[in-house]
$ cat target.cif   # mmCIF, C-alpha atoms and all ligand atoms
data_work
loop_
_atom_site.label_atom_id
_atom_site.label_comp_id
_atom_site.auth_asym_id
_atom_site.auth_seq_id
_atom_site.Cartn_x
_atom_site.Cartn_y
_atom_site.Cartn_z
CA MET W 961 0.00 0.00 0.00
CA GLU W 962 2.89 2.33 0.83
CA GLU W 963 4.49 1.56 -2.52
CA ALA W 964 1.23 2.24 -4.38
CA ARG W 965 0.78 5.47 -2.41
CA HIS W 966 4.39 6.52 -3.02
CA LYS W 967 4.23 5.83 -6.76
CA LYS W 968 0.82 7.54 -7.00
CA THR W 969 -0.35 4.71 -9.23
CA GLN W 970 -4.02 5.15 -8.33
CA PRO W 971 -6.13 7.72 -6.46
CA HIS W 972 -7.11 5.29 -3.69
CA PRO W 973 -4.27 2.83 -3.04
CA ASN W 974 -6.03 2.01 0.25
CA ALA W 975 -9.24 0.82 -1.45
CA ILE W 976 -10.31 -2.75 -0.66
CA THR W 977 -13.33 -4.67 -1.94
CA ILE W 978 -15.02 -6.40 0.98
CA ALA W 979 -17.63 -9.12 0.67
CA SER W 980 -20.19 -9.95 3.33
CA VAL W 981 -22.78 -12.72 3.38
CA ASP W 982 -26.49 -12.37 4.15
CA ALA W 983 -28.70 -14.68 6.21
CA SER W 984 -29.50 -16.82 3.17
CA GLY W 985 -25.81 -17.27 2.31
CA LYS W 986 -25.80 -14.79 -0.58
CA PRO W 987 -22.60 -12.71 -0.83
CA SER W 988 -22.36 -9.02 -1.74
CA ALA W 989 -19.28 -6.83 -2.21
CA ARG W 990 -18.38 -3.15 -2.06
CA VAL W 991 -15.29 -0.94 -1.89
CA VAL W 992 -14.23 0.70 1.39
CA LEU W 993 -11.06 2.53 2.38
CA ILE W 994 -8.44 1.05 4.70
CA LYS W 995 -7.84 3.77 7.28
CA ASP W 996 -5.61 1.92 9.72
CA LEU W 997 -3.98 -1.45 10.12
CA SER W 998 -2.09 -3.56 12.63
CA LEU W 999 0.70 -5.62 11.10
CA LYS W 1000 1.38 -7.13 14.53
CA GLU W 1001 -2.20 -8.29 15.20
CA GLY W 1002 -3.14 -8.82 11.55
CA TYR W 1003 -6.16 -6.63 10.94
CA ILE W 1004 -7.24 -3.65 8.89
CA VAL W 1005 -9.70 -0.92 9.89
CA PHE W 1006 -12.42 0.70 7.81
CA HIS W 1007 -15.28 2.98 8.78
CA THR W 1008 -18.93 2.90 7.91
CA HIS W 1009 -22.54 3.30 9.06
CA TYR W 1010 -23.43 0.57 11.56
CA GLY W 1011 -26.92 0.32 10.06
CA SER W 1012 -25.73 -0.19 6.47
CA ARG W 1013 -26.32 -3.40 4.59
CA LYS W 1014 -22.78 -4.67 5.13
CA SER W 1015 -22.91 -3.87 8.86
CA LEU W 1016 -26.18 -5.71 9.38
CA GLU W 1017 -24.78 -8.67 7.48
CA PHE W 1018 -21.65 -8.69 9.68
CA VAL W 1019 -23.90 -8.95 12.76
CA GLY W 1020 -25.49 -12.11 11.34
CA ASN W 1021 -22.22 -13.51 9.96
CA PRO W 1022 -18.91 -11.89 10.98
CA TRP W 1023 -16.85 -13.76 8.35
CA ALA W 1024 -15.80 -11.59 5.40
CA ALA W 1025 -13.52 -11.73 2.38
CA GLY W 1026 -11.60 -8.86 0.82
CA VAL W 1027 -9.42 -8.17 -2.18
CA VAL W 1028 -7.03 -5.38 -3.09
CA HIS W 1029 -5.74 -4.94 -6.63
CA TRP W 1030 -2.82 -2.67 -7.45
CA ASP W 1031 -2.92 -2.96 -11.23
CA HIS W 1032 0.14 -0.81 -11.91
CA LEU W 1033 2.19 -2.84 -9.45
CA SER W 1034 0.93 -6.14 -10.89
CA ARG W 1035 -0.18 -7.22 -7.43
CA GLN W 1036 -3.27 -8.58 -5.77
CA ILE W 1037 -3.84 -9.46 -2.12
CA ARG W 1038 -6.80 -11.59 -1.02
CA PHE W 1039 -7.98 -11.60 2.57
CA GLU W 1040 -10.40 -13.71 4.60
CA GLY W 1041 -11.27 -13.17 8.21
CA LEU W 1042 -13.46 -12.01 11.06
CA ILE W 1043 -15.10 -8.63 11.53
CA THR W 1044 -15.26 -6.97 14.97
CA LYS W 1045 -16.36 -3.46 15.91
CA SER W 1046 -13.53 -0.99 16.61
CA PRO W 1047 -13.26 0.34 20.17
CA ASP W 1048 -15.30 3.55 20.54
CA GLU W 1049 -12.20 5.65 21.35
CA GLU W 1050 -10.60 4.62 18.03
CA SER W 1051 -13.74 5.49 16.06
CA ASP W 1052 -13.94 8.83 17.92
CA ALA W 1053 -10.31 9.62 17.12
CA TYR W 1054 -10.75 8.89 13.42
CA PHE W 1055 -14.07 10.74 13.20
CA ALA W 1056 -12.41 13.82 14.69
CA THR W 1057 -9.97 13.94 11.74
CA ARG W 1058 -12.78 14.27 9.19
CA ASP W 1059 -13.94 17.51 7.64
CA TRP W 1060 -17.15 18.82 9.27
CA ARG W 1061 -19.12 18.26 6.05
CA SER W 1062 -18.16 14.58 6.07
CA GLN W 1063 -19.03 14.47 9.77
CA LEU W 1064 -22.42 15.98 8.96
CA ASN W 1065 -22.88 13.41 6.22
CA ALA W 1066 -22.37 10.62 8.76
CA TRP W 1067 -25.25 12.08 10.81
CA ALA W 1068 -27.53 12.79 7.85
CA SER W 1069 -27.16 9.73 5.63
CA GLU W 1070 -28.93 6.53 6.63
CA GLN W 1071 -26.49 4.55 4.53
CA SER W 1072 -28.05 1.95 2.23
CA GLN W 1073 -31.64 3.11 2.91
CA PRO W 1074 -33.67 4.27 -0.12
CA ILE W 1075 -34.12 7.99 -0.83
CA SER W 1076 -36.42 9.56 -3.43
CA ASP W 1077 -33.91 11.97 -4.97
CA TYR W 1078 -30.54 13.64 -4.36
CA LYS W 1079 -32.15 16.88 -3.18
CA GLN W 1080 -33.86 15.01 -0.35
CA LEU W 1081 -30.44 13.92 0.88
CA LEU W 1082 -29.15 17.52 0.88
CA ASP W 1083 -32.34 18.68 2.64
CA ARG W 1084 -31.80 16.05 5.32
CA ALA W 1085 -28.20 17.21 5.74
CA ASN W 1086 -29.18 20.89 5.99
CA LYS W 1087 -31.90 20.09 8.53
CA GLN W 1088 -29.33 18.21 10.58
CA ALA W 1089 -26.86 21.10 10.18
CA LYS W 1090 -29.45 23.49 11.61
CA LYS W 1091 -30.06 21.20 14.58
CA MET W 1092 -26.33 21.12 15.29
CA ASN W 1093 -25.74 24.85 14.72
CA LEU W 1094 -23.61 24.19 11.66
CA PRO W 1095 -23.64 26.28 8.47
CA LYS W 1096 -25.64 25.13 5.46
CA LEU W 1097 -23.72 22.71 3.26
CA ASP W 1098 -23.40 25.10 0.31
CA SER W 1099 -22.63 28.23 2.35
CA THR W 1100 -19.40 30.03 1.54
CA GLY W 1101 -16.91 31.12 4.17
CA SER W 1102 -17.66 28.08 6.28
CA ASP W 1103 -14.32 26.36 6.10
CA LYS W 1104 -13.79 26.89 9.80
CA ASP W 1105 -13.38 23.95 12.09
CA PHE W 1106 -16.53 22.83 13.82
CA SER W 1107 -16.54 20.22 16.49
CA VAL W 1108 -19.02 17.49 15.59
CA GLN W 1109 -19.37 14.40 17.77
CA ARG W 1110 -19.34 10.95 16.22
CA PRO W 1111 -22.84 9.52 15.85
CA PRO W 1112 -23.22 6.29 17.84
CA PHE W 1113 -24.41 4.52 14.67
CA TRP W 1114 -21.21 5.23 12.72
CA GLY W 1115 -17.67 3.96 13.31
CA GLY W 1116 -14.92 1.50 12.55
CA PHE W 1117 -14.71 -2.20 11.92
CA ARG W 1118 -11.61 -4.31 12.24
CA MET W 1119 -11.17 -7.16 9.81
CA TRP W 1120 -8.91 -9.79 11.42
CA PHE W 1121 -7.23 -12.09 8.95
CA CYS W 1122 -7.11 -15.87 9.00
CA SER W 1123 -5.91 -15.98 5.41
CA ILE W 1124 -3.84 -13.63 3.25
CA GLU W 1125 -2.77 -14.49 -0.27
CA PHE W 1126 -0.14 -12.41 -2.04
CA TRP W 1127 -0.27 -12.61 -5.83
CA THR W 1128 2.47 -11.12 -7.98
CA ALA W 1129 2.25 -11.20 -11.76
CA GLY W 1130 4.92 -13.19 -13.58
CA SER W 1131 5.61 -13.40 -17.29
CA ALA W 1132 3.52 -15.76 -19.46
CA ARG W 1133 1.15 -16.19 -16.49
CA PHE W 1134 3.82 -17.84 -14.31
CA HIS W 1135 2.54 -15.82 -11.39
CA GLU W 1136 3.72 -16.16 -7.81
CA ARG W 1137 1.13 -16.96 -5.16
CA ILE W 1138 1.94 -17.24 -1.48
CA LEU W 1139 -0.88 -18.11 0.92
CA TYR W 1140 -0.54 -17.37 4.65
CA LYS W 1141 -3.05 -18.99 7.04
CA ARG W 1142 -3.66 -19.03 10.75
CA SER W 1143 -6.52 -20.26 12.91
CA LEU W 1144 -8.87 -17.57 14.15
CA LYS W 1145 -11.66 -18.00 16.68
CA LYS W 1146 -14.15 -15.45 17.91
CA GLY W 1147 -12.91 -14.46 21.36
CA ASP W 1148 -15.01 -13.91 24.52
CA ASN W 1149 -14.28 -10.21 24.35
CA ASP W 1150 -13.92 -8.47 21.02
CA ASP W 1151 -10.44 -9.65 20.00
CA PRO W 1152 -10.37 -13.03 18.26
CA ALA W 1153 -7.90 -15.70 19.38
CA ALA W 1154 -5.32 -16.26 16.66
CA GLY W 1155 -2.87 -19.10 16.02
CA LEU W 1156 0.53 -18.95 14.32
CA TRP W 1157 0.90 -18.04 10.67
CA ARG W 1158 1.90 -20.80 8.24
CA TYR W 1159 2.45 -20.35 4.55
CA GLN W 1160 2.56 -22.31 1.34
CA ARG W 1161 3.05 -21.52 -2.32
CA LEU W 1162 0.19 -22.10 -4.74
CA GLN W 1163 0.26 -22.79 -8.47
CA PRO W 1164 -0.91 -19.88 -10.58
C1 LIG A 1201 -13.30 4.44 -3.64
C2 LIG A 1201 -14.46 4.17 -2.72
C3 LIG A 1201 -14.28 4.28 -1.36
C4 LIG A 1201 -15.34 4.04 -0.49
N1 LIG A 1201 -15.09 4.06 0.86
C5 LIG A 1201 -16.09 3.75 1.72
C6 LIG A 1201 -15.82 3.65 3.12
O1 LIG A 1201 -14.68 3.80 3.59
N2 LIG A 1201 -16.88 3.37 3.93
C7 LIG A 1201 -18.14 3.15 3.45
O2 LIG A 1201 -19.04 2.92 4.24
N3 LIG A 1201 -18.41 3.22 2.14
C8 LIG A 1201 -17.41 3.49 1.26
N4 LIG A 1201 -17.66 3.51 -0.10
C9 LIG A 1201 -19.05 3.23 -0.55
C10 LIG A 1201 -19.29 1.71 -0.53
O3 LIG A 1201 -18.68 1.11 -1.66
C11 LIG A 1201 -20.78 1.34 -0.48
O4 LIG A 1201 -21.48 1.98 -1.52
C12 LIG A 1201 -21.43 1.72 0.85
O5 LIG A 1201 -20.58 1.45 1.94
C13 LIG A 1201 -22.74 0.99 1.06
O6 LIG A 1201 -22.53 -0.39 1.05
P1 LIG A 1201 -23.59 -1.44 1.68
O7 LIG A 1201 -24.95 -1.00 1.23
O8 LIG A 1201 -23.18 -2.76 1.13
O9 LIG A 1201 -23.45 -1.36 3.17
C14 LIG A 1201 -16.63 3.73 -0.99
C15 LIG A 1201 -16.80 3.62 -2.38
C16 LIG A 1201 -15.73 3.82 -3.23
C17 LIG A 1201 -15.95 3.66 -4.71
#
$ encode --input "target.cif" --output "structure tokens"
Amino acid sequence: MEEARHKKTQPHPNAITIASVDASGKPSARVVLIKDLSLKEGYIVFHTHYGSRKSLEFVGNPWAAGVVHWDHLSRQIRFEGLITKSPDEESDAYFATRDWRSQLNAWASEQSQPISDYKQLLDRANKQAKKMNLPKLDSTGSDKDFSVQRPPFWGGFRMWFCSIEFWTAGSARFHERILYKRSLKKGDNDDPAAGLWRYQRLQP
């Protein structure tokens, strides 16, 4: 990710496609942004609305799969693992770094719920802005810092890995694939219990 960021190969080198599974076993996937990670513990962090489709699906089934593709670097990484909610303090800290308009958006948008048109979304946001003594969204001269609290229904998720596969393109499709695996069990508290990493090479 650092290499992709450094080489400016794509606007969002931290984008990952994450798949969740619904109650009937049907998968769905969407892109989110990796905002933090722990190399030591083996998880990434992304933020979202806790009432969104993906979030509700994680409540029913916390197992997820993800994939990152850095086309210009000829690399792909596949992930599988468990989703847990980030500690509130971590979500608060990240939320505080966001621009107030994005903070307002988190309050105003019921992510993944239907809305009749785009204007209705802006109206909802401006109504919320009024309630919170914030300027209207389109007002000029409002680039000041406003302190907006994180809504309780919005925050981070950690995705803990039990499987990571690094894929590097080779010539004539002689690609390199290295699969790392460890056992991962849902813990009594939020952190899963993880075993040791083992790895093996796979044929392309
Ligand atoms: C480049 C990119 C980055 C995105 N980052 C996020 C993100 O960090 N969090 C998020 O909730 N949605 C993000 N989205 C929107 C999601 O792809 C998705 O539309 C949204 O989360 C609703 O998904 P759901 O209905 O499956 O819950 C991003 C989309 C794109 C294209």
$ residues_around --input "target.cif" --residues "segment 1113-1128 of chain W" --least-positions-apart "6" --cutoff "7 Å" --atoms "all atoms listed in the file" --output "PyMOL selection string"
chain W and resi 1002-1011+1034-1046+1051+1066+1135-1144
$ atom_distance --input "target.cif" --atom1 "atom CA of Trp1067 of chain W" --atom2 "atom CA of Ala1053 of chain W"
16.4 Å
$ closest_residue --input "target.cif" --among "W:Met1092, W:Gln970, W:Asn1086, W:Ser1012" --to "Gln1071 of chain W" --atoms "all atoms listed in the file"
W:Ser1012
$ closest_atom_pairs --input "target.cif" --of "chain W" --to "ligand LIG 1201 (chain A)" --cutoff "9 Å" --atoms "all atoms listed in the file" --output "tab-separated table"
residue	atom	partner	partner_atom	distance
W:Pro971	CA	A:LIG1201	C1	8.4
W:His972	CA	A:LIG1201	C1	6.2
W:Asn974	CA	A:LIG1201	C1	8.6
W:Ala975	CA	A:LIG1201	C1	5.9
W:Ile976	CA	A:LIG1201	C3	8.1
W:Thr977	CA	A:LIG1201	O3	7.9
W:Ile978	CA	A:LIG1201	O3	8.8
W:Ala979	CA	A:LIG1201	O8	8.5
W:Ser980	CA	A:LIG1201	O8	8.1
W:Ser988	CA	A:LIG1201	O8	6.9
W:Ala989	CA	A:LIG1201	O8	6.6
W:Arg990	CA	A:LIG1201	O3	4.3
W:Val991	CA	A:LIG1201	O3	4.0
W:Val992	CA	A:LIG1201	N1	3.5
W:Leu993	CA	A:LIG1201	O1	4.0
W:Ile994	CA	A:LIG1201	O1	6.9
W:Lys995	CA	A:LIG1201	O1	7.8
W:Phe1006	CA	A:LIG1201	O1	5.7
W:His1007	CA	A:LIG1201	N2	5.1
W:Thr1008	CA	A:LIG1201	O2	3.7
W:His1009	CA	A:LIG1201	O2	6.0
W:Tyr1010	CA	A:LIG1201	O9	8.6
W:Gly1011	CA	A:LIG1201	O9	7.9
W:Ser1012	CA	A:LIG1201	O9	4.2
W:Arg1013	CA	A:LIG1201	O9	3.8
W:Lys1014	CA	A:LIG1201	O9	3.9
W:Ser1015	CA	A:LIG1201	O9	6.2
W:Leu1016	CA	A:LIG1201	O9	8.1
W:Glu1017	CA	A:LIG1201	O9	8.6
W:Gln1071	CA	A:LIG1201	C13	6.2
W:Ser1072	CA	A:LIG1201	O7	4.4
W:Gln1073	CA	A:LIG1201	O7	8.0
$ atom_distance --input "target.cif" --atom1 "atom CA of Ala1068 of chain W" --atom2 "atom CA of Gln1088 of chain W"
6.3 Å
$ atom_distance --input "target.cif" --atom1 "atom CA of Phe1055 of chain W" --atom2 "atom CA of Val1027 of chain W"
24.8 Å
$ closest_residue --input "target.cif" --among "W:Asp1148, W:Ser1131, W:Glu1050, W:Asn1093" --to "Leu997 of chain W" --atoms "only C-alpha atoms"
W:Glu1050
